[in-house]
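Chemist: Below you'll find protein.csv; it's CSV, C-alpha atoms.
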chain,number,residue,atom,x,y,z
A,1,MET,CA,23.0,44.1,52.8
A,2,LYS,CA,25.7,45.1,55.2
A,3,GLU,CA,28.8,42.9,55.4
A,4,ASN,CA,30.5,41.5,58.5
A,5,ILE,CA,27.4,41.9,60.8
A,6,HIS,CA,26.0,38.4,60.7
A,7,PRO,CA,27.3,35.6,63.0
A,8,LYS,CA,29.2,32.6,61.5
A,9,PHE,CA,26.8,29.7,60.8
A,10,HIS,CA,28.2,26.2,61.0
A,11,LYS,CA,27.3,22.6,61.7
A,12,THR,CA,27.5,21.7,65.4
A,13,VAL,CA,26.3,18.9,67.7
A,14,ALA,CA,23.3,19.4,70.1
A,15,THR,CA,23.6,17.0,73.1
A,16,CYS,CA,20.6,16.1,75.3
A,17,ALA,CA,20.8,15.3,79.0
A,18,CYS,CA,19.6,11.8,78.1
A,19,GLY,CA,22.7,11.3,75.9
A,20,ALA,CA,21.1,11.7,72.5
A,21,GLU,CA,23.2,13.7,70.0
A,22,TYR,CA,21.9,15.6,66.9
A,23,GLU,CA,23.8,17.3,64.2
A,24,VAL,CA,22.3,20.8,63.6
A,25,GLY,CA,23.2,24.1,62.1
A,26,SER,CA,23.8,27.0,64.5
A,27,SER,CA,25.8,30.0,65.3
A,28,LYS,CA,26.9,28.4,68.6
A,29,ASP,CA,29.2,25.5,69.3
A,30,ASN,CA,28.2,22.4,71.2
A,31,ILE,CA,24.6,23.1,72.3
A,32,ARG,CA,23.4,21.3,75.4
A,33,VAL,CA,19.7,20.8,76.0
A,34,ASP,CA,17.6,19.4,78.9
A,35,ILE,CA,15.1,17.4,76.9
A,36,CYS,CA,14.8,16.2,73.3
A,37,SER,CA,12.3,14.2,71.2
A,38,ALA,CA,14.0,11.0,72.4
A,39,CYS,CA,13.1,11.6,76.0
A,40,HIS,CA,10.1,14.1,75.9
A,41,PRO,CA,6.9,12.6,77.5
A,42,LEU,CA,4.8,13.8,74.5
A,43,PHE,CA,6.8,11.6,72.1
A,44,THR,CA,7.7,8.7,74.4
A,45,GLY,CA,4.3,8.4,76.2
A,46,LYS,CA,6.1,8.0,79.6
A,47,GLN,CA,5.7,10.5,82.4
A,48,LYS,CA,9.0,11.7,83.8
A,49,LEU,CA,9.7,14.3,86.5
A,50,LEU,CA,12.8,16.5,85.9
A,51,ASP,CA,14.0,18.7,88.7
A,52,ALA,CA,17.8,18.3,88.1
A,53,GLU,CA,18.7,21.8,89.1
A,54,GLY,CA,16.4,22.1,92.1
A,55,ARG,CA,14.0,24.6,90.4
A,56,VAL,CA,11.3,24.2,93.0
A,57,GLN,CA,13.8,24.9,95.8
A,58,LYS,CA,15.2,28.0,93.9
A,59,PHE,CA,11.6,29.3,93.5
A,60,GLN,CA,10.8,28.8,97.2
A,61,LYS,CA,14.0,30.4,98.3
A,62,LYS,CA,13.5,33.4,96.0
A,63,TYR,CA,9.9,34.1,97.2
A,64,ALA,CA,10.2,32.9,100.8
A,65,GLY,CA,9.6,36.4,102.3
A,66,VAL,CA,7.1,37.7,99.8
A,67,LYS,CA,3.5,38.0,100.8
A,68,ALA,CA,0.6,38.0,98.4
A,69,LYS,CA,-1.2,41.3,97.8
A,70,LYS,CA,-4.7,41.7,99.0
A,71,ALA,CA,-7.4,42.4,96.4
A,72,LYS,CA,-8.6,46.0,96.5
A,73,PRO,CA,-12.2,46.5,97.5
A,74,GLN,CA,-14.4,47.8,94.8
A,75,THR,CA,-15.4,51.4,95.0
A,76,LYS,CA,-18.9,52.7,94.6
A,77,ARG,CA,-18.1,54.0,91.2
A,78,ARG,CA,-17.1,50.6,89.9
A,79,THR,CA,-20.1,48.9,91.5
A,80,LEU,CA,-22.5,51.4,90.0
A,81,ALA,CA,-20.9,51.1,86.6
A,82,LYS,CA,-21.3,47.3,86.7
A,83,LYS,CA,-24.9,47.5,87.8
A,84,LYS,CA,-25.6,50.0,85.0
A,85,ALA,CA,-23.9,47.8,82.4
A,86,ALA,CA,-25.8,44.8,83.6
A,87,HIS,CA,-29.1,46.7,83.4
A,88,THR,CA,-28.5,48.0,79.9
A,89,LYS,CA,-27.7,44.5,78.6
A,90,LYS,CA,-31.2,43.2,79.4
Could you render the structure as C-alpha cells?
Modeler:
Amino acid sequence: MKENIHPKFHKTVATCACGAEYEVGSSKDNIRVDICSACHPLFTGKQKLLDAEGRVQKFQKKYAGVKAKKAKPQTKRRTLAKKKAAHTKK
C-alpha cells in the first residue's frame, strides 16, 4: 500500500442545527449537519418543515424562465411496432 496518500483520520464533533453534538471519527474537522436522529421526524414522530436556506425560492428563481418540453408525437413506425407487439402477446 502506498504511503502518504490517505487523509488524516481523527476524532471530531458533529454538530446539528438543533444543537445536538456527537463525537465521531472523520477526516474533516467540526462537521455541521442540518438534521440528526434527535430531530429527524422518523425518530421523533413529529412533522417538521425545514426551509432554512430558502430552497424553494432558490429552485423557483433558477427555473423561472424554463418551459417544459412538449412530448413528441408518436411516429407511424412506433405505433405499428406497438400494435404488432400487442398482437403477438395474445
Chemist: Excluding same-chain residues fewer than 5 positions from stretch 5-16 of chain A, what lies within 10 Å of it counting all atoms listed in the file, as a PDB file with C-alpha atoms, in the frame of the given file?
Modeler:
ATOM      1  CA  GLU A  21      23.200  13.700  70.000  1.00  0.00           C
ATOM      2  CA  TYR A  22      21.900  15.600  66.900  1.00  0.00           C
ATOM      3  CA  GLU A  23      23.800  17.300  64.200  1.00  0.00           C
ATOM      4  CA  VAL A  24      22.300  20.800  63.600  1.00  0.00           C
ATOM      5  CA  GLY A  25      23.200  24.100  62.100  1.00  0.00           C
ATOM      6  CA  SER A  26      23.800  27.000  64.500  1.00  0.00           C
ATOM      7  CA  SER A  27      25.800  30.000  65.300  1.00  0.00           C
ATOM      8  CA  LYS A  28      26.900  28.400  68.600  1.00  0.00           C
ATOM      9  CA  ASP A  29      29.200  25.500  69.300  1.00  0.00           C
ATOM     10  CA  ASN A  30      28.200  22.400  71.200  1.00  0.00           C
ATOM     11  CA  ILE A  31      24.600  23.100  72.300  1.00  0.00           C
ATOM     12  CA  ARG A  32      23.400  21.300  75.400  1.00  0.00           C
ATOM     13  CA  VAL A  33      19.700  20.800  76.000  1.00  0.00           C
ATOM     14  CA  ASP A  34      17.600  19.400  78.900  1.00  0.00           C
ATOM     15  CA  ILE A  35      15.100  17.400  76.900  1.00  0.00           C
ATOM     16  CA  CYS A  36      14.800  16.200  73.300  1.00  0.00           C
ATOM     17  CA  SER A  37      12.300  14.200  71.200  1.00  0.00           C
ATOM     18  CA  ALA A  38      14.000  11.000  72.400  1.00  0.00           C
ATOM     19  CA  CYS A  39      13.100  11.600  76.000  1.00  0.00           C
TER      20      CYS A  39
END
Chemist: Mind pulling up the distance from atom CA of A:Lys72 to atom CA of A:Ala86?
Modeler: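 Taking atom CA of A:Ala86 as the start and atom CA of A:Lys72 as the end point, the length is 21.5 Å.
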Chemist: By how many Å are atom CA of A:His40 and atom CA of A:Ala20 apart?
Modeler: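 Pair atom CA of A:His40 / atom CA of A:Ala20 returns 11.8 Å.
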